[in-house]
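Participant: Sharing run_39.txt (compact mmCIF, C-alpha atoms) below.
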```txt
# COMPACT_ATOMS: atom_id res chain seq x y z
CA MET Q 1 -32.04 326.31 118.22
CA LYS Q 2 -30.05 329.56 118.21
CA ARG Q 3 -28.31 328.50 121.40
CA ARG Q 4 -27.48 325.10 119.96
CA ALA Q 5 -25.98 326.70 116.84
CA ARG Q 6 -23.98 329.11 118.96
CA TRP Q 7 -22.65 326.30 121.11
CA SER Q 8 -21.75 324.31 117.99
CA VAL Q 9 -19.58 327.16 116.78
CA VAL Q 10 -17.96 327.52 120.20
CA VAL Q 11 -17.24 323.80 120.54
CA LEU Q 12 -15.96 323.48 116.97
CA THR Q 13 -13.66 326.45 117.34
CA ALA Q 14 -12.41 325.33 120.73
CA THR Q 15 -11.71 321.86 119.30
CA CYS Q 16 -9.72 323.40 116.47
CA ALA Q 17 -7.85 325.72 118.82
CA PHE Q 18 -6.90 323.15 121.42
CA THR Q 19 -6.23 320.11 119.26
CA PRO Q 20 -2.47 319.63 118.98
CA ALA Q 21 -1.34 321.29 115.75
CA ARG Q 22 0.73 318.24 114.84
CA ALA Q 23 -0.45 314.67 114.74
CA ASP Q 24 1.98 312.27 116.41
CA ARG Q 25 2.82 308.99 114.72
CA ILE Q 26 5.38 306.30 115.55
CA VAL Q 27 6.84 304.00 112.91
CA ASN Q 28 5.80 300.50 113.87
CA TYR Q 29 8.55 297.89 113.46
CA ALA Q 30 6.54 295.18 115.19
CA VAL Q 31 4.54 294.37 112.06
CA ASP Q 32 4.77 290.79 110.83
CA GLU Q 33 6.27 289.94 107.46
CA VAL Q 34 2.88 289.41 105.82
CA ALA Q 35 1.85 292.96 106.74
CA ALA Q 36 5.28 294.29 105.69
CA VAL Q 37 4.94 292.66 102.23
CA ARG Q 38 1.43 294.13 101.86
CA ASP Q 39 2.62 297.61 102.94
CA ALA Q 40 5.54 297.50 100.50
CA ALA Q 41 3.23 296.57 97.62
CA GLU Q 42 0.77 299.35 98.57
CA GLN Q 43 3.51 301.95 98.76
CA GLY Q 44 5.42 300.79 95.69
CA VAL Q 45 8.63 300.30 97.67
CA ALA Q 46 10.89 297.24 97.46
CA LEU Q 47 10.91 295.35 100.75
CA ALA Q 48 14.40 294.73 102.11
CA PRO Q 49 14.53 291.11 103.29
CA ILE Q 50 15.37 290.12 106.84
CA PRO Q 51 19.07 289.17 106.59
CA ALA Q 52 20.10 285.55 106.36
CA ARG Q 53 22.08 284.29 109.33
CA GLY Q 54 25.81 285.05 109.15
CA THR Q 55 28.64 282.68 109.99
CA ARG Q 56 30.21 284.64 112.86
CA HIS Q 57 29.26 286.16 116.15
CA LEU Q 58 28.82 289.96 116.31
CA ALA Q 59 28.93 292.60 119.00
CA VAL Q 60 26.39 295.40 118.58
CA ARG Q 61 26.01 298.75 120.30
CA ILE Q 62 23.17 301.06 119.39
CA ALA Q 63 23.23 304.61 120.74
CA PRO Q 64 20.03 306.27 121.99
CA ALA Q 65 20.33 308.90 119.20
CA VAL Q 66 19.34 306.21 116.72
CA ASP Q 67 15.73 306.71 117.78
CA HIS Q 68 14.77 310.08 116.38
CA GLU Q 69 12.08 312.42 115.17
CA VAL Q 70 11.66 312.56 111.41
CA LEU Q 71 12.55 315.89 109.84
CA ARG Q 72 9.53 316.90 107.78
CA VAL Q 73 9.79 319.47 105.05
CA GLY Q 74 7.26 320.78 102.57
CA ILE Q 75 3.66 321.82 102.92
CA ALA Q 76 1.99 318.45 102.36
CA CYS Q 77 1.55 316.42 105.56
CA SER Q 78 3.33 319.20 107.51
CA ALA Q 79 1.03 318.61 110.48
CA TRP Q 80 2.46 315.13 110.96
CA LYS Q 81 5.13 314.56 113.55
CA VAL Q 82 6.69 311.13 113.14
CA GLN Q 83 8.98 309.31 115.54
CA ASN Q 84 11.29 306.73 114.00
CA PRO Q 85 12.47 304.24 116.65
CA MET Q 86 15.12 302.71 114.41
CA SER Q 87 16.97 300.95 117.23
CA ALA Q 88 14.26 298.27 117.19
CA LEU Q 89 14.71 297.74 113.45
CA LEU Q 90 18.52 297.65 113.59
CA GLN Q 91 18.50 295.32 116.57
CA ARG Q 92 16.21 292.99 114.63
CA PHE Q 93 18.38 293.04 111.47
CA LEU Q 94 21.72 292.66 113.27
CA THR Q 95 20.31 289.92 115.49
CA ALA Q 96 19.18 288.04 112.36
CA LEU Q 97 22.68 288.48 110.90
CA ASP Q 98 24.42 287.19 114.02
CA ARG Q 99 25.51 283.55 113.95
CA ASP Q 100 23.95 282.84 117.30
CA GLY Q 101 20.94 285.08 116.89
CA ALA Q 102 22.07 286.99 119.99
CA PRO Q 103 24.77 289.62 119.42
CA ALA Q 104 27.19 290.43 122.24
CA SER Q 105 27.40 293.94 123.67
CA SER Q 106 31.20 294.30 123.40
CA LEU Q 107 34.14 292.77 121.54
CA THR Q 108 35.03 289.40 123.00
CA PRO Q 109 37.20 286.62 121.59
CA ALA Q 110 34.01 285.03 120.34
CA ALA Q 111 32.56 288.18 118.75
CA GLY Q 112 34.62 289.00 115.66
CA MET Q 113 33.29 292.47 114.90
CA LEU Q 114 31.87 295.32 116.91
CA VAL Q 115 29.20 297.32 115.12
CA THR Q 116 28.43 300.64 116.79
CA VAL Q 117 25.49 302.60 115.42
CA ASP Q 118 25.85 306.20 116.55
CA ARG Q 119 22.93 307.91 114.90
CA ALA Q 120 20.20 307.67 112.32
CA ARG Q 121 18.34 310.45 110.56
CA THR Q 122 15.20 310.59 108.45
CA LEU Q 123 14.13 313.34 106.08
CA SER Q 124 10.63 313.23 104.65
CA ARG Q 125 9.42 315.43 101.79
CA CYS Q 126 5.77 314.97 100.85
CA VAL Q 127 4.24 316.24 97.66
CA GLY Q 128 0.59 316.30 96.66
CA THR Q 129 0.44 314.41 93.37
CA GLY Q 130 -3.26 314.59 92.59
CA GLU Q 131 -6.69 314.59 94.13
CA MET Q 132 -6.32 313.15 97.64
CA ARG Q 133 -2.97 311.56 96.78
CA THR Q 134 0.44 312.23 98.21
CA THR Q 135 3.90 310.90 97.44
CA CYS Q 136 6.48 311.11 100.19
CA ILE Q 137 10.18 310.98 99.42
CA THR Q 138 12.00 309.54 102.42
CA ARG Q 139 15.74 309.66 102.96
CA VAL Q 140 17.21 307.61 105.80
CA SER Q 141 20.86 307.67 106.84
CA ILE Q 142 22.69 305.55 109.41
CA ASP Q 143 26.09 306.50 110.83
CA GLY Q 144 28.43 304.50 112.99
CA THR Q 145 31.66 302.53 113.14
CA THR Q 146 32.80 298.96 112.76
CA MET Q 147 35.78 297.53 114.57
CA LEU Q 148 37.55 294.22 114.06
CA HIS Q 149 39.84 292.62 116.64
CA GLY Q 150 43.09 294.53 116.91
CA GLU Q 151 42.10 297.17 114.38
CA THR Q 152 40.96 300.75 114.64
CA ALA Q 153 37.31 301.68 114.22
CA ARG Q 154 36.19 302.38 110.65
CA PRO Q 155 33.34 304.83 110.17
CA PHE Q 156 30.42 303.93 107.95
CA ARG Q 157 27.49 305.81 106.54
CA VAL Q 158 24.65 304.27 104.63
CA GLU Q 159 21.86 306.25 103.04
CA ARG Q 160 18.73 305.32 101.14
CA GLU Q 161 16.22 307.58 99.43
CA GLU Q 162 12.98 306.33 98.00
CA ALA Q 163 9.56 307.69 97.06
CA ALA Q 164 6.59 305.95 98.65
CA LYS Q 165 3.18 306.44 97.07
CA GLY Q 166 1.39 306.66 100.38
CA VAL Q 167 -2.16 305.60 100.95
CA GLY Q 168 -4.73 308.38 100.93
CA VAL Q 169 -3.41 311.82 101.72
CA CYS Q 170 -0.91 311.23 104.51
CA ALA Q 171 -2.15 308.02 106.11
CA GLY Q 172 0.70 305.83 104.83
CA LEU Q 173 3.46 308.28 105.79
CA ALA Q 174 4.80 306.37 108.81
CA ARG Q 175 4.61 303.01 106.98
CA GLY Q 176 6.53 304.45 104.02
CA ILE Q 177 9.21 305.76 106.38
CA GLY Q 178 9.42 302.32 107.99
CA LEU Q 179 9.94 300.65 104.60
CA VAL Q 180 12.72 303.03 103.55
CA SER Q 181 14.32 302.68 106.99
CA ARG Q 182 14.28 298.95 106.42
CA GLN Q 183 16.07 299.45 103.09
CA ALA Q 184 18.73 301.48 104.89
CA ALA Q 185 19.13 298.72 107.49
CA GLY Q 186 19.47 296.23 104.61
CA ALA Q 187 22.16 298.45 103.06
CA LEU Q 188 24.01 298.44 106.37
CA VAL Q 189 23.95 294.64 106.44
CA ASP Q 190 25.29 294.57 102.86
CA GLU Q 191 28.07 296.94 103.87
CA LEU Q 192 28.99 294.73 106.84
CA ARG Q 193 29.12 291.68 104.57
CA ASP Q 194 31.33 293.59 102.08
CA LEU Q 195 33.59 294.66 104.90
CA GLY Q 196 33.96 291.04 105.97
CA ARG Q 197 35.05 290.13 102.43
CA GLU Q 198 37.33 293.19 101.97
CA THR Q 199 39.26 292.58 105.13
CA SER Q 200 39.70 288.89 104.38
CA HIS Q 201 38.06 288.42 107.72
CA PRO Q 202 34.99 286.39 106.90
CA VAL Q 203 33.11 287.54 109.92
CA LEU Q 204 29.72 287.44 108.29
CA MET L 1 -41.63 340.22 111.82
CA ASP L 2 -40.47 339.53 115.39
CA ALA L 3 -39.47 336.08 114.40
CA TYR L 4 -37.49 337.49 111.47
CA ARG L 5 -35.85 340.11 113.64
CA SER L 6 -34.96 337.51 116.25
CA LYS L 7 -33.49 335.22 113.59
CA SER L 8 -31.39 337.99 112.03
CA SER L 9 -30.10 339.15 115.42
CA GLY L 10 -29.16 335.54 116.19
CA GLU L 11 -27.31 335.32 112.90
CA ARG L 12 -25.56 338.59 113.67
CA GLN L 13 -24.41 337.20 117.02
CA LEU L 14 -23.18 334.03 115.38
CA ARG L 15 -21.29 336.05 112.81
CA LYS L 16 -19.69 338.14 115.55
CA LEU L 17 -18.70 334.99 117.44
CA SER L 18 -17.21 333.47 114.30
CA ILE L 19 -15.20 336.61 113.64
CA ILE L 20 -13.75 336.44 117.16
CA LEU L 21 -13.09 332.71 117.21
CA LEU L 22 -11.92 332.06 113.67
CA PRO L 23 -8.50 333.69 114.14
CA LEU L 24 -8.01 331.43 117.19
CA ALA L 25 -8.61 328.36 115.06
CA LEU L 26 -6.26 329.65 112.39
CA LEU L 27 -3.58 330.31 114.97
CA ALA L 28 -3.77 326.70 116.06
CA THR L 29 -2.72 325.35 112.65
CA SER L 30 0.89 324.45 112.09
CA ALA L 31 3.02 327.55 111.80
CA GLU L 32 5.93 325.57 110.39
CA ALA L 33 4.10 325.10 107.13
CA ALA L 34 4.62 328.78 106.42
CA LYS L 35 8.41 328.63 106.59
CA ALA L 36 10.00 329.06 103.20
CA VAL L 37 13.35 327.54 104.20
CA LYS L 38 14.04 324.59 106.45
CA VAL L 39 17.59 323.57 107.25
CA ILE L 40 18.30 319.88 106.72
CA GLU L 41 22.04 319.99 107.45
CA PRO L 42 23.46 323.29 108.71
CA LEU L 43 26.06 324.88 106.46
CA ALA L 44 29.63 324.05 107.46
CA ALA L 45 31.59 326.60 109.45
CA GLY L 46 33.01 329.38 107.30
CA VAL L 47 30.62 328.81 104.43
CA VAL L 48 28.02 331.41 105.33
CA GLY L 49 28.97 334.78 103.85
CA GLY L 50 32.12 333.58 102.14
CA VAL L 51 31.31 331.58 99.06
CA SER L 52 31.45 331.85 95.32
CA VAL L 53 28.74 329.93 93.47
CA GLU L 54 30.55 328.26 90.59
CA SER L 55 27.75 326.21 89.11
CA THR L 56 24.23 324.98 89.71
CA THR L 57 22.64 321.75 88.57
CA VAL L 58 18.89 321.21 88.67
CA THR L 59 17.22 317.82 88.76
CA ILE L 60 13.47 317.48 88.44
CA SER L 61 12.20 314.59 90.54
CA ASP L 62 9.42 312.25 89.43
CA THR L 63 6.93 313.99 91.72
CA ALA L 64 7.38 317.26 89.83
CA GLY L 65 7.70 315.59 86.43
CA PRO L 66 4.14 315.79 85.06
CA VAL L 67 3.65 319.50 85.80
CA ALA L 68 7.20 320.31 84.73
CA GLU L 69 6.54 318.64 81.37
CA LYS L 70 3.50 320.87 80.79
CA LEU L 71 5.55 323.94 81.65
CA GLU L 72 8.37 322.77 79.34
CA ALA L 73 5.83 322.49 76.51
CA LYS L 74 4.64 326.04 77.22
CA ALA L 75 8.25 327.29 77.19
CA ALA L 76 8.83 325.55 73.86
CA GLU L 77 5.70 327.24 72.47
CA LYS L 78 7.00 330.62 73.60
CA ARG L 79 10.35 329.81 72.01
CA ALA L 80 8.69 328.96 68.72
CA ALA L 81 6.54 332.10 68.89
CA ALA L 82 9.68 334.19 69.41
CA HIS L 83 11.22 332.55 66.31
CA LEU L 84 14.14 331.24 68.34
CA PRO L 85 15.85 327.98 67.34
CA PRO L 86 14.96 324.92 69.45
CA VAL L 87 17.11 324.44 72.55
CA ASP L 88 19.98 321.99 72.12
CA ALA L 89 20.38 320.45 75.56
CA THR L 90 23.53 318.58 74.48
CA ALA L 91 25.43 321.68 73.37
CA THR L 92 28.40 322.29 75.67
CA ALA L 93 29.11 325.91 74.76
CA ARG L 94 26.25 328.26 74.09
CA PRO L 95 25.91 332.03 74.51
CA ARG L 96 24.32 333.08 77.76
CA PRO L 97 20.66 333.96 77.07
CA GLU L 98 19.27 337.32 78.05
CA PRO L 99 16.84 337.30 81.03
CA ALA L 100 14.04 338.17 78.62
CA ALA L 101 14.55 334.81 76.92
CA TYR L 102 14.42 332.76 80.15
CA GLU L 103 10.72 332.06 79.63
CA THR L 104 11.58 330.17 76.45
CA LEU L 105 14.08 327.81 78.13
CA PRO L 106 13.47 324.44 79.78
CA LEU L 107 13.35 324.62 83.60
CA ALA L 108 16.60 322.71 84.10
CA MET L 109 18.37 325.26 81.88
CA MET L 110 16.58 328.40 83.07
CA PHE L 111 16.80 327.71 86.81
CA PRO L 112 20.64 327.65 87.05
CA LEU L 113 20.73 330.97 85.17
CA ALA L 114 18.24 332.50 87.62
CA VAL L 115 20.31 331.24 90.57
CA GLU L 116 23.48 332.60 88.99
CA ASP L 117 21.88 336.02 88.41
CA VAL L 118 20.62 336.29 91.98
CA THR L 119 23.76 334.98 93.69
CA ARG L 120 25.92 337.38 91.66
CA ASP L 121 23.56 340.18 92.54
CA TRP L 122 24.01 339.25 96.19
CA GLY L 123 27.79 339.37 95.84
CA LEU L 124 28.33 335.64 96.29
CA THR L 125 31.33 335.71 93.97
CA SER L 126 34.34 335.39 96.27
CA GLY L 127 35.47 332.90 98.86
CA ARG L 128 35.14 329.14 98.97
CA ARG L 129 34.06 327.82 95.59
CA ILE L 130 30.84 325.89 95.81
CA ARG L 131 28.34 324.26 93.54
CA LEU L 132 24.66 323.83 94.18
CA ALA L 133 22.71 320.66 93.43
CA ILE L 134 19.00 321.48 93.43
CA THR L 135 16.33 318.78 93.28
CA ILE L 136 12.84 320.06 92.51
CA ASP L 137 10.10 318.07 94.26
CA THR L 138 7.16 320.34 93.47
CA ILE L 139 6.35 322.79 90.74
CA LYS L 140 2.79 323.91 90.43
CA THR L 141 1.01 326.89 88.94
CA ALA L 142 -2.29 328.27 90.16
CA ASN L 143 -5.57 327.15 88.67
CA ALA L 144 -7.11 330.29 87.13
CA GLY L 145 -10.72 329.25 87.84
CA MET L 146 -10.02 328.29 91.44
CA MET L 147 -8.01 331.47 91.91
CA MET L 148 -11.05 333.58 91.06
CA LEU L 149 -13.43 331.57 93.23
CA LEU L 150 -11.47 330.57 96.34
CA GLY L 151 -7.79 331.13 95.74
CA SER L 152 -5.04 328.97 94.33
CA SER L 153 -1.28 328.85 94.61
CA ASP L 154 1.94 328.80 92.63
CA GLU L 155 4.58 326.64 94.23
CA LEU L 156 8.20 325.70 93.65
CA ALA L 157 9.89 323.51 96.26
CA GLY L 158 12.98 321.37 96.51
CA THR L 159 16.21 320.58 98.26
CA VAL L 160 19.45 322.49 97.80
CA GLN L 161 22.68 320.66 98.46
CA VAL L 162 25.72 322.88 98.90
CA LEU L 163 28.84 321.08 97.68
CA ASP L 164 32.50 321.99 97.59
CA ALA L 165 33.27 322.73 93.94
CA ALA L 166 36.70 321.14 94.18
CA ASP L 167 35.99 317.76 95.73
CA GLY L 168 32.20 317.48 95.97
CA THR L 169 32.16 317.36 99.78
CA LYS L 170 28.71 318.15 101.11
CA LEU L 171 28.80 321.41 103.05
CA GLY L 172 25.13 321.62 103.98
CA GLU L 173 21.61 321.18 102.76
CA PHE L 174 18.33 323.03 103.05
CA TYR L 175 14.81 322.87 101.69
CA VAL L 176 13.19 325.82 99.97
CA ASP L 177 9.44 326.05 99.49
CA VAL L 178 8.15 329.07 97.60
CA LEU L 179 4.39 329.17 97.94
CA ASN L 180 2.43 332.12 96.62
CA VAL L 181 -1.30 332.01 97.27
CA ARG L 182 -3.41 334.23 95.02
CA ALA L 183 -7.12 334.95 95.15
CA GLY L 184 -9.59 336.93 93.08
CA MET L 185 -9.05 339.52 90.36
CA LEU L 186 -6.51 341.44 92.42
CA GLY L 187 -4.53 338.24 93.07
CA ALA L 188 -4.52 337.46 89.36
CA ALA L 189 -3.40 340.99 88.53
CA MET L 190 -0.59 340.84 91.09
CA ARG L 191 0.52 337.46 89.80
CA GLY L 192 1.06 338.71 86.27
CA SER L 193 2.95 336.67 83.71
CA GLY L 194 6.26 334.78 83.78
CA VAL L 195 5.19 332.85 86.88
CA ARG L 196 7.77 330.09 86.47
CA GLU L 197 10.59 332.64 86.20
CA LYS L 198 9.29 334.59 89.21
CA LEU L 199 9.17 331.40 91.28
CA ALA L 200 12.73 330.54 90.23
CA ALA L 201 13.95 334.04 91.13
CA GLU L 202 12.25 333.87 94.54
CA PHE L 203 13.69 330.41 95.16
CA ALA L 204 17.14 331.74 94.21
CA LYS L 205 16.67 334.66 96.61
CA HIS L 206 16.13 332.21 99.48
CA VAL L 207 19.28 330.35 98.41
CA ALA L 208 21.22 333.62 98.42
CA GLU L 209 19.85 334.47 101.89
CA GLN L 210 21.04 331.14 103.26
CA LEU L 211 24.49 331.43 101.67
CA SER L 212 25.02 335.05 102.67
CA GLY L 213 23.51 334.68 106.15
CA SER L 214 21.52 337.85 105.62
CA LYS L 215 17.95 338.67 104.70
CA ARG L 216 19.08 341.78 102.86
CA LYS L 217 20.89 342.03 99.60
CA PRO L 218 24.18 343.92 100.06
CA LYS L 219 24.13 347.40 98.63
CA ALA L 220 25.93 347.77 95.32
CA LYS L 221 29.31 349.46 95.66
CA GLN L 222 29.47 352.99 94.24
CA PRO L 223 31.82 353.25 91.25
```
Render the structure in this file as structure tokens.

Facilitator:
Amino acid sequence: MKRRARWSVVVLTATCAFTPARADRIVNYAVDEVAAVRDAAEQGVALAPIPARGTRHLAVRIAPAVDHEVLRVGIACSAWKVQNPMSALLQRFLTALDRDGAPASSLTPAAGMLVTVDRARTLSRCVGTGEMRTTCITRVSIDGTTMLHGETARPFRVEREEAAKGVGVCAGLARGIGLVSRQAAGALVDELRDLGRETSHPVL
Amino acid sequence: MDAYRSKSSGERQLRKLSIILLPLALLATSAEAAKAVKVIEPLAAGVVGGVSVESTTVTISDTAGPVAEKLEAKAAEKRAAAHLPPVDATATARPRPEPAAYETLPLAMMFPLAVEDVTRDWGLTSGRRIRLAITIDTIKTANAGMMMLLGSSDELAGTVQVLDAADGTKLGEFYVDVLNVRAGMLGAAMRGSGVREKLAAEFAKHVAEQLSGSKRKPKAKQP
């Protein structure tokens, strides 16, 4: 009995000592729309719609730096390390926006606008808001350039910040980040549409 | 008797083992949680050590709202007890309150004064003119009962955006988390009163450290 108790302490302590201090999570952008709607309702975040198809063909370049690790600040959920592979999300949104549903990789006579996404960043601040409840404020920014035929590249920056209620203590953290990232991608699409109107170049 | 002795020696061994292994387990927990300041966007070149803090604005986010409201009510009670007139938040020009009266002011009014006091004390009064935009995510005071039994904490946390005073350009951003854990009678005695003001002053000290690039306050010049 004594030996068993001793071994329990040893095993428990060893488990604590050798378990990675941070729990790895990856934002999942492969969820279907039904699950996305459910997640948005659970987290109290507005779901950015998948863009409607545009009228012109686009060229899209997404840099590797778009996939990034979320910067986590604050005590709550500090053991969570979250990867945000935003290239998958942006590819999905810009593909939906493209007239042909298949953006080109460089400016061609057919592709009216080149969208280059250079980097994306996510900041997550979680706050304990009650017994076993956490609210996480997520800020997502996307930086890049747009270029029309014969014009110089114009930089853009879109940013969205939103509080997600989370589910349980930290369990909904990655889903909340995914929803705010989606809002930022939606804001980028809006900016591209505005640019098309501004430049009297109805590319989108 | 033997059985008793054997049980107590077993317990002693277990206790010894726990004492040896517990620190190991504690070491394995995230060390980052203990950091008071985390840089979100590094300060622009030339900012560190050469700024003058012109103004500070404080916004209390929804996550801090409920606790902040309770603390505001307490501050209003203190104000009434001190026979001071109610605070007029819309007044544009008002005399600068004495530090002793900070505890009677709403957080959004008291905090900029605390930051101003500390940054002036740290000599952040010459160089590029900046303003600070602070958003408070968390404000929490320790639970007295829990503090006696297990320990409880006072916390003030939020983001600090450093902006150019002239054109509003963002020059950097960092997150400050002041977390003071107190336990037992001694903890309560050390905590004292004016907790909100102490948290604000400590937060402001971290801001001053970031802006000055030093952990030490510069020595006052001899007259």

Participant: I'd like the neighbourhood of Lys70 in chain L as a list in words, where a residue qualifies if any of its atoms comes within 12 Å (using all atoms listed in the file), though same-chain residues fewer than 2 positions away should be ignored.

Facilitator: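 Selected residues are Ala64, Gly65, Pro66, Val67, Ala68, Glu72, Ala73, Lys74, Ala75, Ala76, Glu77, Pro106, Leu107, Ile139, Lys140, Thr141 and Arg196 of chain L.
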
Participant: Can you pull out the residues contacting Arg53 in chain Q? Cut-off 12 Å, using only C-alpha atoms, and skip same-chain residues under 5 positions away; I want them as a list of chain:residue names.

Facilitator: Q:Leu58, Q:Arg92, Q:Phe93, Q:Leu94, Q:Thr95, Q:Ala96, Q:Leu97, Q:Asp98, Q:Arg99, Q:Asp100, Q:Gly101, Q:Ala102, Q:Pro103, Q:Val189, Q:Arg193, Q:Val203, Q:Leu204

Participant: Could you state the separation of CA of Ala183 in chain L and CA of Ala144 in chain L in Å, given to one decimal place?

Facilitator: 9.3 Å

Participant: Would you list the residues near (17.7, 304.0, 103.6), meaning any protein, DNA or RNA residue with an atom at most 7 Å from that point in file coordinates, counting only C-alpha atoms, as number ranges by chain?

Facilitator: Q: 139-141, 159-161, 180-185

Participant: To one decimal place in Å, what is the distance between CA of Ile26 in chain Q and CA of Gly144 in chain Q?

Facilitator: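 Distance reported for this atom pair: 23.3 Å.
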
Participant: As a PDB file with C-alpha atoms, in the frame of the given file, please: the residues near Glu155 in chain L (cut-off 9 Å, all atoms listed in the file, same-chain neighbours under 3 positions excluded).

Facilitator:
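Ended up saving to result-v1.pdb:
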```
ATOM      1  CA  THR L 138       7.160 320.340  93.470  1.00  0.00           C
ATOM      2  CA  ILE L 139       6.350 322.790  90.740  1.00  0.00           C
ATOM      3  CA  LYS L 140       2.790 323.910  90.430  1.00  0.00           C
ATOM      4  CA  THR L 141       1.010 326.890  88.940  1.00  0.00           C
ATOM      5  CA  ALA L 142      -2.290 328.270  90.160  1.00  0.00           C
ATOM      6  CA  ASP L 177       9.440 326.050  99.490  1.00  0.00           C
ATOM      7  CA  VAL L 178       8.150 329.070  97.600  1.00  0.00           C
ATOM      8  CA  LEU L 179       4.390 329.170  97.940  1.00  0.00           C
ATOM      9  CA  ASN L 180       2.430 332.120  96.620  1.00  0.00           C
ATOM     10  CA  VAL L 181      -1.300 332.010  97.270  1.00  0.00           C
ATOM     11  CA  LEU L 199       9.170 331.400  91.280  1.00  0.00           C
TER      12      LEU L 199
END
```

Participant: Rounded to one decimal, what separation in Å do you get between CA of Gly168 in chain L and CA of Glu54 in chain L?

Facilitator: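 If I compute the distance from CA of Gly168 in chain L to CA of Glu54 in chain L, I get 12.2 Å.
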
Participant: May I have the protein, DNA and RNA residues with any atom at most 12 Å from the point (33.2, 289.0, 117.4), counting only C-alpha atoms, written as a ChimeraX atom specification?

Facilitator: /Q:54-60,98-100,102-115,146-150,196,201-204

Participant: Pick out the closest residue to chain L from this set: Q:Arg38, Q:Arg119, Q:Lys165, Q:Arg61. Count all atoms listed in the file.

Facilitator: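 Of Q:Arg38, Q:Arg119, Q:Lys165, Q:Arg61, the one nearest chain L, counting all atoms listed in the file, is Q:Lys165.
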
Participant: Which of these residues is nearest to chain Q, using all atoms listed in the file: L:Val115, L:Val176, L:Leu43, L:Met109?

Facilitator: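 Once distances to chain Q are computed over all atoms listed in the file, the minimum belongs to L:Val176.
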
Participant: What's the 10 Å shell around Gly194 in chain L, counting all atoms listed in the file, without same-chain residues fewer than 5 positions away, as a list in words?

Facilitator: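 Contacts, with the query itself left out: Ala100, Tyr102, Glu103 and Leu199 of chain L.
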
Participant: Considering only C-alpha atoms, state which residue in the set L:Leu132, L:Ala157, L:Ala108, L:Val47 is at the smallest distance from chain Q.

Facilitator: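 Under the stated criterion, the closest residue is L:Ala157.
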
Participant: Restricting the calculation to all atoms listed in the file, which member of Q:Gly176, Q:Gly168, Q:Pro85, Q:Gly186 is positioned closest to Pro64 in chain Q?

Facilitator: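 Of Q:Gly176, Q:Gly168, Q:Pro85, Q:Gly186, the one nearest Pro64 in chain Q is Q:Pro85, counting all atoms listed in the file.
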